[in-house]
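> This is the structure, below, for whatever I ask next.
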Amino acid sequence: MTVVSTPAPRLPLRRRSVGPGVSPMLRRLAAERATGVLLRERGSLHLADGQVTYAESPESPGLDVLLATGGVLDTEVWREAVARAGTDGRVGRFLVDSGRVTEGALELCHAAALFDAAYFVLGPSGAPARFRYGAAHWLGPVRPVPVAALERETLRRRELLHRIWPDPATDTAPLVRADRAAEPPVPARQQAVLDQVNGVRTAADISFALGRPAFHTLVELRRLATAGIVTTASQPPRPSRPSRPPQVDPAPEQPPPALEPASALLTQPSADPDVALLRRVRDALEAL
Amino acid sequence: MPGIDECLLEAMRLPGALGAAVVDWTSGLALGTVGDAPGGDHETTAAEAAELARLAAEHRAFAPEAGPDQSGQDPPVEDLIISNVDTYHVLRFVATSFDSSVFLHLWLARSDGNLALARIRLGEMAGRLVLG
């Protein structure tokens with residue numbers, strides 16, 4: 001039996017010295033031990049005494065979604081907790097003390113949601129950031145994360161995705177199953193993602209549907225792209241790739257436009273697996 | 001009801017415990033660490049242990065005979081044990097009702113560690129971490 005297995009890329013290690021940083025403003029706020037909310041193009045980071053206590057982004061499921069998915073906490077209970085303890089900024093404490101959720105479950109989901117949203121919030125953006133000094137987030141302290149640790153982790157995550165598959169198209173575009181005669185078997189967690197791919201849903205849609213951190217979905221999708229199982233729904237004509245999101249790519253570069261004849265040939269739909277493979281190799285090279 | 005830190009401190013009370021961590025194996029993120037790390041760096045250790053944990057969890061060869069749990073929530077592997085000349089590593093997968101990919105990593109000195117005891121206790125801690 002031939003099992004096509006995707007070679008596991010090494011998980012990148014965090015770099016000790018982070019160059020210019022992902023957000024100089026965030027570093028200043030950490031240094032002055034600021035409390036309030038940092039508003040960026042793709043979401044917000046909540047700070048208390050210069051540490052990050054909560055993060056949210058429209059691109060990633062929030063703590064409430066993660067907790068609700070496994071039936072740990074339904075949305076009614078969540079709303080009630082916010083109503084009763086939100087003004088004191090002690091929602092997390094209230095949920096644990098009233099026995100709605102265990103401390104461990106809250107901490108695991110909180111960390112998952114925080115690092116997940118921060119990955120998008122701290123993605124490169126063109127718009128200026130704003131900081132609103134004020135109260136800490138209503139969830140209250142669960143396990144605050146130092147800014148330096150969050151920055152390192154965000155950069156490490158970018159590198160991890162890039163190493164699995166350098167083309168960021170699957171991060172944001174509607175996804176489709178590649179037309180393959182025989183799909184190789186995939187692990188259960190990838191299968192759950194694959195089952196959601198329907199030509200319309202994006203990575204974010206799938207994350208919300210599964211109640212899974214969005215970054216985890218991005219990882220699985222890049223692995224599925226590497227294996228040639230998932231691709232973006234509408235491949236734009238080469239070499240113009242206008243939909244390529246520069247935010248997620250650590251080093252955005254324009255693909256060289258010199259490949260026209262071979263490129264045109266290769267974009268023809270083909271059932272030949274060799275041509276499909278060549279096309280994927282070319283995409284990967286262009287994205288490097 | 002223990003949180004991550006209480007769970008890690010409890011792990012450190014096991015005989016021979018050198019260090020412990022709670023790690024997410026999809027991202028390689030250390031969610032909490034305590035004590036020493038092999039090589040001196042918890043973040044590096046977490047990323048490396050996560051690779052190993054992911055392979056064990058994903059490869060069909062290590063799944064139970066009866067086949068993996070259809071709900072997809074329970075990890076197909078309970079734990080991984082690695083020994084070298086002077087230490088043991090025990091990686092215990094944490095089953096959660098919410099979607100997660102988390103394991104406990106305990107590093108033990110071989111001279112005074114008790115592998116059987118550590119394995120049993122780590123399993124109990126993994127259960128209490130999410131169930132209370």
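To be explicit about the labels: the chains of the structure tokens are called A, B, and onward in the order shown, and within each one the residues are counted from 1, while ligands get numbers from 1 in the order they are shown.
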Please, which residues of chain A lie no more than 8 Å from chain B when the count uses only C-alpha atoms, and can they be set out as a PDB file with N, CA, C and O atoms, in the first residue's frame?

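The file below, result.pdb, is the result:
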ATOM      1  N   ALA A   8       6.938  16.079   7.739  1.00  0.00           N
ATOM      2  CA  ALA A   8       6.645  17.060   8.778  1.00  0.00           C
ATOM      3  C   ALA A   8       7.695  18.151   8.769  1.00  0.00           C
ATOM      4  O   ALA A   8       8.878  17.865   8.905  1.00  0.00           O
ATOM      5  N   ARG A  10       9.837  21.006  10.348  1.00  0.00           N
ATOM      6  CA  ARG A  10      10.241  21.255  11.726  1.00  0.00           C
ATOM      7  C   ARG A  10       9.513  22.480  12.257  1.00  0.00           C
ATOM      8  O   ARG A  10       9.383  23.467  11.557  1.00  0.00           O
ATOM      9  N   LEU A  11       9.027  22.375  13.476  1.00  0.00           N
ATOM     10  CA  LEU A  11       8.405  23.545  14.077  1.00  0.00           C
ATOM     11  C   LEU A  11       9.515  24.561  14.333  1.00  0.00           C
ATOM     12  O   LEU A  11      10.525  24.221  14.925  1.00  0.00           O
ATOM     13  N   PRO A  12       9.345  25.770  13.851  1.00  0.00           N
ATOM     14  CA  PRO A  12      10.419  26.743  14.036  1.00  0.00           C
ATOM     15  C   PRO A  12      10.568  27.132  15.500  1.00  0.00           C
ATOM     16  O   PRO A  12       9.610  27.092  16.270  1.00  0.00           O
ATOM     17  N   LEU A  13      11.764  27.476  15.851  1.00  0.00           N
ATOM     18  CA  LEU A  13      12.015  27.921  17.223  1.00  0.00           C
ATOM     19  C   LEU A  13      11.904  29.434  17.261  1.00  0.00           C
ATOM     20  O   LEU A  13      12.179  30.108  16.272  1.00  0.00           O
ATOM     21  N   ARG A  14      11.523  29.907  18.412  1.00  0.00           N
ATOM     22  CA  ARG A  14      11.419  31.361  18.529  1.00  0.00           C
ATOM     23  C   ARG A  14      12.798  31.986  18.448  1.00  0.00           C
ATOM     24  O   ARG A  14      13.753  31.479  18.998  1.00  0.00           O
ATOM     25  N   LEU A  66     -14.931  29.014  21.447  1.00  0.00           N
ATOM     26  CA  LEU A  66     -14.145  27.819  21.770  1.00  0.00           C
ATOM     27  C   LEU A  66     -14.801  27.038  22.905  1.00  0.00           C
ATOM     28  O   LEU A  66     -14.880  25.811  22.884  1.00  0.00           O
ATOM     29  N   LEU A  67     -15.287  27.770  23.918  1.00  0.00           N
ATOM     30  CA  LEU A  67     -15.907  27.098  25.063  1.00  0.00           C
ATOM     31  C   LEU A  67     -17.265  26.505  24.704  1.00  0.00           C
ATOM     32  O   LEU A  67     -17.655  25.461  25.216  1.00  0.00           O
ATOM     33  N   ALA A  68     -17.973  27.188  23.818  1.00  0.00           N
ATOM     34  CA  ALA A  68     -19.326  26.725  23.478  1.00  0.00           C
ATOM     35  C   ALA A  68     -19.289  25.461  22.614  1.00  0.00           C
ATOM     36  O   ALA A  68     -20.176  24.620  22.702  1.00  0.00           O
ATOM     37  N   THR A  69     -18.250  25.314  21.811  1.00  0.00           N
ATOM     38  CA  THR A  69     -18.232  24.233  20.827  1.00  0.00           C
ATOM     39  C   THR A  69     -18.294  22.851  21.450  1.00  0.00           C
ATOM     40  O   THR A  69     -19.058  21.999  21.033  1.00  0.00           O
ATOM     41  N   GLY A  70     -17.517  22.610  22.480  1.00  0.00           N
ATOM     42  CA  GLY A  70     -17.535  21.289  23.095  1.00  0.00           C
ATOM     43  C   GLY A  70     -18.654  21.134  24.102  1.00  0.00           C
ATOM     44  O   GLY A  70     -18.713  20.149  24.830  1.00  0.00           O
ATOM     45  N   GLY A  71     -19.526  22.142  24.189  1.00  0.00           N
ATOM     46  CA  GLY A  71     -20.611  22.090  25.150  1.00  0.00           C
ATOM     47  C   GLY A  71     -20.146  22.415  26.558  1.00  0.00           C
ATOM     48  O   GLY A  71     -20.846  22.155  27.532  1.00  0.00           O
ATOM     49  N   VAL A  72     -18.937  22.963  26.686  1.00  0.00           N
ATOM     50  CA  VAL A  72     -18.433  23.316  28.020  1.00  0.00           C
ATOM     51  C   VAL A  72     -19.304  24.433  28.602  1.00  0.00           C
ATOM     52  O   VAL A  72     -19.660  24.423  29.776  1.00  0.00           O
ATOM     53  N   THR A 102     -14.101  24.737  34.518  1.00  0.00           N
ATOM     54  CA  THR A 102     -12.952  24.532  35.398  1.00  0.00           C
ATOM     55  C   THR A 102     -11.871  25.553  35.064  1.00  0.00           C
ATOM     56  O   THR A 102     -11.808  26.075  33.945  1.00  0.00           O
ATOM     57  N   GLU A 103     -11.044  25.790  36.059  1.00  0.00           N
ATOM     58  CA  GLU A 103      -9.947  26.737  35.874  1.00  0.00           C
ATOM     59  C   GLU A 103      -9.064  26.318  34.688  1.00  0.00           C
ATOM     60  O   GLU A 103      -8.684  27.135  33.860  1.00  0.00           O
ATOM     61  N   GLY A 104      -8.750  25.019  34.642  1.00  0.00           N
ATOM     62  CA  GLY A 104      -7.877  24.513  33.580  1.00  0.00           C
ATOM     63  C   GLY A 104      -8.475  24.720  32.199  1.00  0.00           C
ATOM     64  O   GLY A 104      -7.794  25.166  31.277  1.00  0.00           O
ATOM     65  N   ALA A 105      -9.768  24.391  32.048  1.00  0.00           N
ATOM     66  CA  ALA A 105     -10.421  24.546  30.746  1.00  0.00           C
ATOM     67  C   ALA A 105     -10.439  26.014  30.337  1.00  0.00           C
ATOM     68  O   ALA A 105     -10.164  26.354  29.175  1.00  0.00           O
ATOM     69  N   GLU A 107      -8.366  28.368  31.301  1.00  0.00           N
ATOM     70  CA  GLU A 107      -7.009  28.820  30.976  1.00  0.00           C
ATOM     71  C   GLU A 107      -6.552  28.310  29.611  1.00  0.00           C
ATOM     72  O   GLU A 107      -5.936  29.049  28.844  1.00  0.00           O
ATOM     73  N   LEU A 108      -6.840  27.049  29.326  1.00  0.00           N
ATOM     74  CA  LEU A 108      -6.421  26.486  28.035  1.00  0.00           C
ATOM     75  C   LEU A 108      -7.113  27.205  26.878  1.00  0.00           C
ATOM     76  O   LEU A 108      -6.482  27.571  25.885  1.00  0.00           O
ATOM     77  N   ALA A 111      -5.856  30.937  26.604  1.00  0.00           N
ATOM     78  CA  ALA A 111      -4.544  31.050  25.960  1.00  0.00           C
ATOM     79  C   ALA A 111      -4.677  30.777  24.461  1.00  0.00           C
ATOM     80  O   ALA A 111      -4.088  31.484  23.635  1.00  0.00           O
ATOM     81  N   GLU A 153       6.086  34.665  19.790  1.00  0.00           N
ATOM     82  CA  GLU A 153       5.227  33.573  19.349  1.00  0.00           C
ATOM     83  C   GLU A 153       4.571  33.900  18.004  1.00  0.00           C
ATOM     84  O   GLU A 153       4.442  33.041  17.139  1.00  0.00           O
ATOM     85  N   ARG A 157       5.001  31.735  14.629  1.00  0.00           N
ATOM     86  CA  ARG A 157       3.864  31.154  13.920  1.00  0.00           C
ATOM     87  C   ARG A 157       3.897  31.493  12.430  1.00  0.00           C
ATOM     88  O   ARG A 157       3.568  30.659  11.585  1.00  0.00           O
ATOM     89  N   PRO A 187      -4.885  12.595   8.541  1.00  0.00           N
ATOM     90  CA  PRO A 187      -5.190  12.444   9.968  1.00  0.00           C
ATOM     91  C   PRO A 187      -6.551  13.042  10.329  1.00  0.00           C
ATOM     92  O   PRO A 187      -7.063  13.910   9.609  1.00  0.00           O
ATOM     93  N   ALA A 188      -7.098  12.578  11.452  1.00  0.00           N
ATOM     94  CA  ALA A 188      -8.461  12.953  11.837  1.00  0.00           C
ATOM     95  C   ALA A 188      -8.666  14.468  11.919  1.00  0.00           C
ATOM     96  O   ALA A 188      -9.691  14.983  11.460  1.00  0.00           O
ATOM     97  N   ARG A 189      -7.700  15.176  12.489  1.00  0.00           N
ATOM     98  CA  ARG A 189      -7.888  16.622  12.645  1.00  0.00           C
ATOM     99  C   ARG A 189      -7.866  17.330  11.291  1.00  0.00           C
ATOM    100  O   ARG A 189      -8.551  18.331  11.103  1.00  0.00           O
ATOM    101  N   LEU A 210     -15.879  24.739  13.279  1.00  0.00           N
ATOM    102  CA  LEU A 210     -15.319  23.670  14.110  1.00  0.00           C
ATOM    103  C   LEU A 210     -15.067  24.120  15.548  1.00  0.00           C
ATOM    104  O   LEU A 210     -14.759  23.299  16.407  1.00  0.00           O
ATOM    105  N   GLY A 211     -15.170  25.427  15.803  1.00  0.00           N
ATOM    106  CA  GLY A 211     -14.847  25.940  17.128  1.00  0.00           C
ATOM    107  C   GLY A 211     -13.392  25.686  17.467  1.00  0.00           C
ATOM    108  O   GLY A 211     -13.037  25.299  18.575  1.00  0.00           O
ATOM    109  N   ARG A 212     -12.551  25.895  16.489  1.00  0.00           N
ATOM    110  CA  ARG A 212     -11.134  25.567  16.607  1.00  0.00           C
ATOM    111  C   ARG A 212     -10.333  26.836  16.366  1.00  0.00           C
ATOM    112  O   ARG A 212     -10.726  27.646  15.529  1.00  0.00           O
ATOM    113  N   PHE A 215      -5.608  29.674  13.798  1.00  0.00           N
ATOM    114  CA  PHE A 215      -4.249  29.340  13.387  1.00  0.00           C
ATOM    115  C   PHE A 215      -4.109  27.829  13.169  1.00  0.00           C
ATOM    116  O   PHE A 215      -3.416  27.385  12.257  1.00  0.00           O
ATOM    117  N   HIS A 216      -4.779  27.044  14.001  1.00  0.00           N
ATOM    118  CA  HIS A 216      -4.736  25.589  13.829  1.00  0.00           C
ATOM    119  C   HIS A 216      -5.299  25.199  12.464  1.00  0.00           C
ATOM    120  O   HIS A 216      -4.781  24.307  11.790  1.00  0.00           O
ATOM    121  N   VAL A 219      -2.773  25.974   9.778  1.00  0.00           N
ATOM    122  CA  VAL A 219      -1.728  24.938   9.745  1.00  0.00           C
ATOM    123  C   VAL A 219      -2.222  23.719   8.970  1.00  0.00           C
ATOM    124  O   VAL A 219      -1.543  23.230   8.060  1.00  0.00           O
TER     125      VAL A 219
END
> DSSP on the backbone, then: every residue of stretch 86-189 of chain A marked strand (DSSP E or B), written as JSON, numbers by chain.
{"A": [130, 131, 132, 133, 145, 146, 175, 176, 177]}
> Have a look at atom CA of A:Ala149 and atom CA of B:Ala53 and let me know their distance in Å, one decimal.
22.7 Å
> At what distance in Å, to one decimal, does atom CA of A:Ala203 lie from atom CA of A:Pro24?
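Straight-line distance from atom CA of A:Pro24 to atom CA of A:Ala203 works out to 28.8 Å.
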> Env of stretch 55-57 of chain A: 10 Å cut, atoms = only C-alpha atoms, seq-sep filter 6 positions within chain, self excluded. Answer as an NGL selection string.
:A and (37-47 or 63 or 110-111 or 113-121 or 137)
> Filtering to N, CA and C atoms, could you give me those residues as a CSV table (one decimal), in the first residue's frame?

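Once everything was written out, this is selection_34.csv:
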chain,number,residue,atom,x,y,z
A,37,VAL,N,-6.8,49.4,25.6
A,37,VAL,CA,-7.0,48.5,24.4
A,37,VAL,C,-6.3,49.1,23.2
A,38,LEU,N,-5.5,48.2,22.5
A,38,LEU,CA,-4.8,48.6,21.3
A,38,LEU,C,-5.6,48.2,20.1
A,39,LEU,N,-6.0,49.1,19.3
A,39,LEU,CA,-6.9,48.8,18.2
A,39,LEU,C,-6.1,48.8,16.9
A,40,ARG,N,-6.0,47.7,16.3
A,40,ARG,CA,-5.3,47.6,15.0
A,40,ARG,C,-6.3,47.2,13.9
A,41,GLU,N,-5.8,47.2,12.7
A,41,GLU,CA,-6.6,46.9,11.5
A,41,GLU,C,-7.4,45.6,11.6
A,42,ARG,N,-6.7,44.6,12.2
A,42,ARG,CA,-7.3,43.2,12.1
A,42,ARG,C,-7.8,42.8,13.5
A,43,GLY,N,-8.0,43.7,14.4
A,43,GLY,CA,-8.5,43.3,15.8
A,43,GLY,C,-7.9,44.1,16.9
A,44,SER,N,-8.0,43.6,18.1
A,44,SER,CA,-7.5,44.4,19.2
A,44,SER,C,-6.8,43.6,20.3
A,45,LEU,N,-5.9,44.2,21.0
A,45,LEU,CA,-5.3,43.6,22.1
A,45,LEU,C,-5.6,44.4,23.4
A,46,HIS,N,-6.0,43.7,24.4
A,46,HIS,CA,-6.3,44.3,25.7
A,46,HIS,C,-5.2,44.2,26.6
A,47,LEU,N,-4.8,45.3,27.2
A,47,LEU,CA,-3.6,45.3,28.1
A,47,LEU,C,-4.0,45.7,29.5
A,63,LEU,N,-13.0,33.3,22.7
A,63,LEU,CA,-13.1,32.4,23.9
A,63,LEU,C,-14.5,31.8,24.0
A,110,HIS,N,-8.6,30.2,27.0
A,110,HIS,CA,-8.2,31.6,27.0
A,110,HIS,C,-6.8,31.8,26.3
A,111,ALA,N,-5.9,30.9,26.6
A,111,ALA,CA,-4.5,31.1,26.0
A,111,ALA,C,-4.7,30.8,24.5
A,113,ALA,N,-7.3,31.2,22.5
A,113,ALA,CA,-8.0,32.3,21.9
A,113,ALA,C,-7.1,33.6,21.8
A,114,LEU,N,-6.3,33.8,22.9
A,114,LEU,CA,-5.5,35.0,22.9
A,114,LEU,C,-4.3,34.9,21.9
A,115,PHE,N,-3.6,33.9,21.9
A,115,PHE,CA,-2.5,33.8,20.9
A,115,PHE,C,-3.0,33.7,19.5
A,116,ASP,N,-4.2,33.1,19.4
A,116,ASP,CA,-4.8,33.0,18.0
A,116,ASP,C,-5.2,34.3,17.5
A,117,ALA,N,-5.9,35.1,18.2
A,117,ALA,CA,-6.3,36.4,17.8
A,117,ALA,C,-5.1,37.3,17.6
A,118,ALA,N,-4.2,37.2,18.5
A,118,ALA,CA,-3.0,38.1,18.4
A,118,ALA,C,-2.2,37.9,17.1
A,119,TYR,N,-2.2,36.6,16.6
A,119,TYR,CA,-1.5,36.3,15.4
A,119,TYR,C,-2.1,37.2,14.3
A,120,PHE,N,-3.4,37.4,14.2
A,120,PHE,CA,-4.0,38.2,13.2
A,120,PHE,C,-3.8,39.7,13.5
A,121,VAL,N,-4.0,40.1,14.8
A,121,VAL,CA,-3.9,41.5,15.2
A,121,VAL,C,-2.5,42.0,14.8
A,137,HIS,N,-9.9,44.6,30.3
A,137,HIS,CA,-10.9,43.9,29.7
A,137,HIS,C,-11.9,43.3,30.7
